[in-house]
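Engineer: Data file my_file_27.txt (compact mmCIF, C-alpha atoms) is appended below.
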```
# COMPACT_ATOMS: atom_id res chain seq x y z
CA MET A 160 15.23 -12.77 6.06
CA GLY A 161 14.38 -12.29 9.71
CA ASN A 162 13.68 -8.57 10.06
CA THR A 163 10.09 -7.53 10.55
CA LEU A 164 8.39 -5.41 7.95
CA THR A 165 8.05 -2.66 10.56
CA GLN A 166 11.84 -2.62 10.96
CA LEU A 167 12.56 -2.70 7.24
CA LEU A 168 10.13 0.15 6.59
CA GLN A 169 11.65 2.05 9.53
CA LEU A 170 8.26 2.90 10.99
CA ALA A 171 8.94 5.07 14.02
CA ASN A 172 6.87 6.93 16.58
CA GLY A 173 4.98 9.62 14.69
CA THR A 174 4.83 7.77 11.36
CA ARG A 175 1.82 8.46 9.18
CA ALA A 176 2.16 5.91 6.39
CA ALA A 177 -0.01 6.00 3.27
CA PHE A 178 -0.21 2.80 1.22
CA VAL A 179 -0.65 2.97 -2.55
CA GLY A 180 -0.46 0.55 -5.44
CA ALA A 181 -1.86 -2.93 -6.06
CA GLY A 182 -1.17 -6.37 -4.68
CA GLY A 183 -1.87 -6.68 -0.97
CA LYS A 184 -2.09 -3.23 0.63
CA THR A 185 -4.77 -4.29 3.10
CA SER A 186 -2.94 -7.48 4.09
CA ILE A 187 0.24 -5.51 4.71
CA ILE A 188 -1.63 -2.94 6.79
CA HIS A 189 -3.15 -5.77 8.88
CA LEU A 190 0.32 -7.25 9.39
CA LEU A 191 1.90 -3.96 10.43
CA ALA A 192 -0.93 -3.22 12.85
CA ALA A 193 -0.45 -6.63 14.47
CA GLN A 194 3.32 -6.13 14.72
CA ASN A 195 2.76 -2.86 16.57
CA SER A 196 -0.08 -3.95 18.87
CA HIS A 197 1.90 -2.66 21.88
CA LEU A 198 1.14 0.85 20.56
CA PRO A 199 -2.08 2.66 19.84
CA VAL A 200 -2.36 2.16 16.06
CA LEU A 201 -4.92 3.90 13.86
CA VAL A 202 -5.90 2.16 10.61
CA THR A 203 -7.96 4.33 8.30
CA THR A 204 -8.50 5.28 4.67
CA THR A 205 -8.72 8.16 2.24
CA THR A 206 -10.76 5.98 -0.13
CA LYS A 207 -12.59 2.86 1.12
CA ILE A 208 -11.55 -0.07 3.28
CA LEU A 209 -13.18 -3.19 4.65
CA PRO A 210 -13.32 -2.99 8.46
CA LEU A 211 -10.74 -5.07 10.30
CA ARG A 212 -12.62 -7.80 12.17
CA GLN A 213 -9.97 -9.27 14.49
CA ASN A 214 -10.88 -9.63 18.18
CA ASN A 215 -8.28 -7.07 19.25
CA VAL A 216 -9.47 -4.36 16.84
CA THR A 217 -11.76 -1.53 17.94
CA LEU A 218 -14.07 -0.38 15.17
CA CYS A 219 -14.98 3.33 15.00
CA ASN A 220 -17.52 3.79 12.23
CA ASN A 221 -18.39 7.48 12.55
CA LEU A 222 -16.38 10.61 13.26
CA GLN A 223 -17.92 11.37 16.64
CA SER A 224 -17.11 7.95 18.12
CA CYS A 225 -13.59 8.09 16.67
CA LEU A 226 -12.83 11.50 18.14
CA ALA A 227 -14.26 10.44 21.50
CA HIS A 228 -12.13 7.29 21.65
CA THR A 229 -9.10 7.44 23.94
CA PRO A 230 -6.14 5.75 22.21
CA ALA A 231 -4.77 2.69 24.00
CA PRO A 232 -2.44 -0.14 22.93
CA GLY A 233 -4.07 -2.04 20.09
CA THR A 234 -5.64 -1.18 16.77
CA VAL A 235 -8.48 1.22 16.03
CA CYS A 236 -10.00 0.88 12.55
CA ALA A 237 -11.73 4.15 11.67
CA GLY A 238 -13.90 5.50 8.90
CA GLN A 239 -17.44 6.50 8.01
CA LEU A 240 -19.46 3.30 7.61
CA ASN A 241 -21.47 2.96 4.41
CA PRO A 242 -24.23 0.50 5.39
CA ALA A 243 -24.95 -0.34 1.76
CA THR A 244 -21.42 -1.61 1.06
CA GLY A 245 -20.22 -2.51 4.55
CA LYS A 246 -17.07 -0.51 3.86
CA LEU A 247 -15.51 2.34 5.81
CA GLU A 248 -15.17 5.48 3.73
CA ALA A 249 -12.91 8.49 4.16
CA PHE A 250 -13.34 11.38 6.54
CA ALA A 251 -12.46 14.84 5.24
CA GLU A 252 -8.70 15.41 5.34
CA GLY A 253 -8.91 18.03 8.08
CA GLU A 254 -11.02 15.71 10.22
CA LEU A 255 -8.59 12.87 9.58
CA ALA A 256 -5.61 15.03 10.54
CA THR A 257 -7.28 15.85 13.86
CA LEU A 258 -8.15 12.20 14.47
CA CYS A 259 -4.55 11.08 13.82
CA LYS A 260 -2.86 13.46 16.28
CA PRO A 261 -2.89 11.28 19.43
CA TYR A 262 -1.76 8.07 17.67
CA PRO A 263 1.96 7.20 17.48
CA LEU A 264 1.39 5.11 14.34
CA VAL A 265 -1.18 5.70 11.59
CA LEU A 266 -1.63 3.33 8.62
CA ILE A 267 -3.71 4.75 5.77
CA GLU A 268 -5.08 2.85 2.79
CA ALA A 269 -4.79 5.62 0.21
CA ASP A 270 -5.47 3.76 -3.03
CA GLY A 271 -7.77 1.09 -4.41
CA SER A 272 -7.16 -1.65 -6.98
CA ARG A 273 -10.30 -3.84 -6.64
CA GLY A 274 -8.13 -6.89 -6.06
CA LEU A 275 -6.42 -6.64 -9.45
CA PRO A 276 -2.61 -6.93 -9.75
CA CYS A 277 -2.09 -3.92 -12.02
CA LYS A 278 -3.47 -0.41 -12.18
CA GLY A 279 -3.38 2.93 -13.93
CA TRP A 280 -4.20 6.06 -11.94
CA ALA A 281 -6.90 8.67 -12.45
CA ALA A 282 -6.00 12.32 -11.98
CA ASN A 283 -7.11 12.39 -8.33
CA GLU A 284 -5.40 9.12 -7.36
CA PRO A 285 -3.76 8.07 -5.11
CA VAL A 286 -5.35 10.12 -2.32
CA VAL A 287 -2.31 10.79 -0.11
CA PRO A 288 -2.93 13.21 2.78
CA ALA A 289 -0.70 16.25 3.17
CA PHE A 290 0.38 15.10 6.66
CA THR A 291 1.79 11.77 5.38
CA THR A 292 5.38 11.10 6.49
CA THR A 293 5.96 7.89 4.47
CA THR A 294 4.36 6.71 1.24
CA VAL A 295 4.59 2.95 0.80
CA GLY A 296 3.99 1.55 -2.66
CA VAL A 297 2.85 -2.06 -2.95
CA LEU A 298 3.48 -4.07 -6.08
CA THR A 299 3.15 -7.72 -7.03
CA LEU A 300 4.36 -9.95 -9.84
CA GLY A 301 0.81 -11.29 -10.24
CA GLY A 302 0.26 -9.52 -13.55
CA LEU A 303 3.60 -10.48 -15.12
CA HIS A 304 3.22 -12.06 -18.59
CA LYS A 305 -0.58 -11.77 -18.42
CA PRO A 306 -2.44 -9.75 -21.06
CA ALA A 307 -3.07 -6.08 -20.44
CA THR A 308 -6.86 -6.34 -20.26
CA LYS A 309 -9.61 -5.19 -17.90
CA GLY A 310 -9.57 -8.54 -16.10
CA ILE A 311 -5.99 -7.88 -14.99
CA VAL A 312 -5.73 -4.08 -14.92
CA LEU A 313 -7.81 -1.42 -13.19
CA ARG A 314 -8.10 1.79 -15.25
CA LEU A 315 -6.73 0.15 -18.38
CA PRO A 316 -6.41 3.30 -20.56
CA GLN A 317 -4.24 5.01 -17.94
CA PHE A 318 -2.15 1.85 -17.49
CA LEU A 319 -1.53 1.58 -21.23
CA ALA A 320 -0.54 5.25 -21.38
CA LEU A 321 2.00 5.01 -18.56
CA THR A 322 3.51 1.66 -19.68
CA GLY A 323 3.48 2.07 -23.46
CA LEU A 324 1.77 -1.30 -23.91
CA GLN A 325 -1.05 -1.98 -26.32
CA LYS A 326 -4.26 -3.58 -25.13
CA GLY A 327 -3.84 -7.35 -24.82
CA GLN A 328 -0.04 -7.33 -24.95
CA PRO A 329 1.79 -9.32 -22.23
CA ILE A 330 2.69 -7.30 -19.15
CA THR A 331 6.46 -7.12 -18.81
CA LEU A 332 8.83 -6.31 -15.95
CA ALA A 333 9.40 -2.94 -17.59
CA ALA A 334 5.65 -2.29 -17.54
CA LEU A 335 5.44 -3.21 -13.85
CA ALA A 336 8.41 -0.93 -13.20
CA ALA A 337 6.59 1.92 -14.93
CA MET A 338 3.71 1.51 -12.45
CA ALA A 339 6.17 2.51 -9.73
CA SER A 340 8.59 4.80 -11.56
CA SER A 341 6.42 6.77 -13.99
CA PRO A 342 5.44 10.35 -13.09
CA ALA A 343 1.85 9.17 -13.68
CA GLY A 344 2.32 6.03 -11.56
CA MET A 345 1.61 5.03 -7.98
CA PHE A 346 3.91 7.62 -6.41
CA LYS A 347 2.64 10.64 -8.35
CA ASN A 348 0.94 12.14 -5.27
CA ALA A 349 3.43 10.78 -2.74
CA LYS A 350 4.45 12.65 0.40
CA GLY A 351 7.40 12.12 2.75
CA THR A 352 9.89 9.31 2.25
CA LEU A 353 9.16 6.66 -0.36
CA ALA A 354 9.41 2.88 0.02
CA LEU A 355 8.33 0.03 -2.25
CA VAL A 356 7.18 -3.38 -1.05
CA ILE A 357 7.10 -6.15 -3.67
CA ASN A 358 4.62 -8.59 -2.18
CA GLN A 359 3.82 -12.24 -2.97
CA ALA A 360 7.46 -13.08 -3.75
CA GLU A 361 7.76 -16.40 -1.91
CA THR A 362 10.00 -18.75 -3.90
CA PRO A 363 13.64 -18.21 -4.96
CA PRO A 364 12.61 -17.67 -8.61
CA GLN A 365 9.97 -15.12 -7.55
CA ILE A 366 12.47 -13.32 -5.32
CA GLU A 367 14.94 -13.20 -8.21
CA LEU A 368 12.27 -11.72 -10.50
CA ALA A 369 11.44 -9.17 -7.82
CA ASN A 370 15.11 -8.15 -7.64
CA GLN A 371 15.14 -7.79 -11.44
CA LEU A 372 12.03 -5.61 -11.17
CA VAL A 373 13.83 -3.36 -8.69
CA GLN A 374 16.68 -2.91 -11.17
CA HIS A 375 14.20 -1.91 -13.89
CA ILE A 376 12.69 0.69 -11.55
CA LYS A 377 16.11 2.08 -10.67
CA GLN A 378 17.00 2.34 -14.36
CA GLN A 379 13.75 4.12 -15.21
CA ASN A 380 13.81 6.60 -12.32
CA PRO A 381 17.06 6.55 -10.31
CA GLY A 382 16.78 7.85 -6.77
CA LEU A 383 12.98 7.99 -6.68
CA ILE A 384 12.49 5.34 -4.00
CA GLY A 385 14.53 5.15 -0.82
CA ARG A 386 13.92 1.54 0.25
CA TYR A 387 12.97 -1.60 -1.65
CA ILE A 388 11.60 -4.58 0.29
CA ILE A 389 10.77 -8.01 -1.13
CA GLY A 390 8.73 -10.74 0.51
CA SER A 391 5.34 -12.16 1.35
CA ALA A 392 2.57 -10.90 3.62
CA GLN A 393 1.10 -14.39 3.72
CA GLN A 394 4.37 -15.93 4.93
CA ASN A 395 5.46 -12.79 6.81
CA ARG A 396 8.98 -13.12 5.42
CA TRP A 397 10.85 -10.06 4.17
CA GLN A 398 14.24 -8.87 2.98
CA LEU A 399 15.77 -5.78 1.47
CA ALA A 400 16.20 -5.94 -2.28
CA ARG A 401 19.61 -6.65 -3.71
CA LYS A 402 21.68 -3.52 -4.26
```
As C-alpha cells, how would this structure be written, given the file I've shared?

Structural biologist:
Amino acid sequence: MGNTLTQLLQLANGTRAAFVGAGGKTSIIHLLAAQNSHLPVLVTTTTKILPLRQNNVTLCNNLQSCLAHTPAPGTVCAGQLNPATGKLEAFAEGELATLCKPYPLVLIEADGSRGLPCKGWAANEPVVPAFTTTTVGVLTLGGLHKPATKGIVLRLPQFLALTGLQKGQPITLAALAAMASSPAGMFKNAKGTLALVINQAETPPQIELANQLVQHIKQQNPGLIGRYIIGSAQQNRWQLARK
C-alpha cells in the first residue's frame, strides 16, 4: 500500500466521477475531496446526499448560489436543500452539467443504499449523468454470509433476481460479484471508464477475500471493469487487486 486513492483511480484534471454501489460511497467521496483540496472540487449528487460539514467545505444549497459561486481551491458541496430531510437533492442534469464546467474535479454520488451492504437496482438506478468520465463502483464484504433479507439488502426482489439467491439464503462471494458484474447490477447505467473499489477490507484475511471476490467478478464478466482497488476508507489504505 502507499498510493493514494486518487492515484489508483487515476483521477485527472477534467474527471467527472460518478459513484455507485453500496458500502461507503460517501466516505470515499469525502476522502477524495480532501486529497484534492488544492483544486476546486465539486461534490454533488444525482439522488440525495447529506451535506459535507467540514470547516473547509463551502455549502451551496440552491442552484442560484451554486452558479454564482466562483470556484477556488477547496470543496464545494452542492445540491437543492430539502429542509424536511436536511439532505441535498439533485439538480436537473442540464443544470448540473452547467454547474460542473468550471471545476477540474467533480465527485457525484449517483446511487443510494440507505447504509445497507447489498443492493438490487430499480430500472432508473443508478442515476449516472451523460457527462460522466469515470464510473466508480463501491462494494463491501459486509453482507458476506449474512441472509439475503431486507435488513441486509436494499431492493431485495431485484437483488434476488440478479444473484439467483432465494430469500434468506446466505450471501456468497458469487452473489456479491453479481452485484458488480451482472447486466442488471451497479454498472448497468455506467459511463466512461469503470473502476471498482472494495471498501472495508482492513485485515489480511479480508484483503484475501476481496481478491477472491475480484476473481469471481472477472470470471462472471471478463473485461467489464478496468481497475480493481482494495482497501479501507477508514484507514485510508489502498492497493490494486491481485492480477

Engineer: Which residue gives the smallest distance to Leu247 in chain A among A:Pro210, A:Pro316, A:Pro261, A:Gly274, with all atoms listed in the file counted?

Structural biologist: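 Closest to Leu247 in chain A of all the choices is A:Pro210.
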
Engineer: Please report the interatomic distance between CA of Leu275 in chain A and CA of His189 in chain A in Å with one decimal.

Structural biologist: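 The value is 18.6 Å.
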
Engineer: Show me the residues around (-11.0, 5.7, -1.9) - criterion: an atom at most 9 Å away, only C-alpha atoms counted - as an MDAnalysis selection string.

Structural biologist: chainID A and resid 204:208 248:249 268:271 284:286

Engineer: Considering all atoms listed in the file, can you say which of A:Ser224, A:Thr299, A:Gln371, A:Thr352 comes closest to Gly183 in chain A?

Structural biologist: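 Answer, going by the shortest atom-to-atom distance: A:Thr299.
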
Engineer: One decimal, Å: what's the distance from CA of Ala354 in chain A over to CA of Met338 in chain A, could you say?

Structural biologist: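 Separating CA of Ala354 in chain A from CA of Met338 in chain A is a distance of 13.8 Å.
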
Engineer: I'd like the neighbourhood of Gln169 in chain A as an MDAnalysis selection string, where a residue qualifies if any of its atoms comes within 10 Å (using all atoms listed in the file), though same-chain residues fewer than 6 positions away should be ignored.

Structural biologist: chainID A and resid 163 293 354 386

Engineer: Just give me the gap between CA of Ser341 in chain A and CA of Lys278 in chain A in Å, one decimal is fine.

Structural biologist: 12.4 Å

Engineer: Please write as a VMD selection string the list of polymer residues whose atoms come within 6 Å of (2.5, -12.5, -19.7), counting all atoms listed in the file and keeping to the coordinates of the file.

Structural biologist: chain A and resid 303 to 306 329 to 330

Engineer: Any idea what's packed within 12 Å of Gly180 in chain A, counting all atoms listed in the file, ignoring anything in its chain fewer than 5 positions away? Could you give it as a ChimeraX atom specification?

Structural biologist: /A:185,187,268-280,284-287,294-299,312-313,335-340,344-349,354-358

Engineer: Go through A:Leu209, A:Leu321, A:Leu399, A:Ile267 and flag the residue nearest Ala281 in chain A, using all atoms listed in the file for the distances.

Structural biologist: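 Of all the options, A:Leu321 lies closest to Ala281 in chain A.
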
Engineer: Calculated over all atoms listed in the file, which of the candidates A:Ala282, A:Val373, A:Ala176, A:Ala227 has the smallest distance to Thr257 in chain A?

Structural biologist: A:Ala227
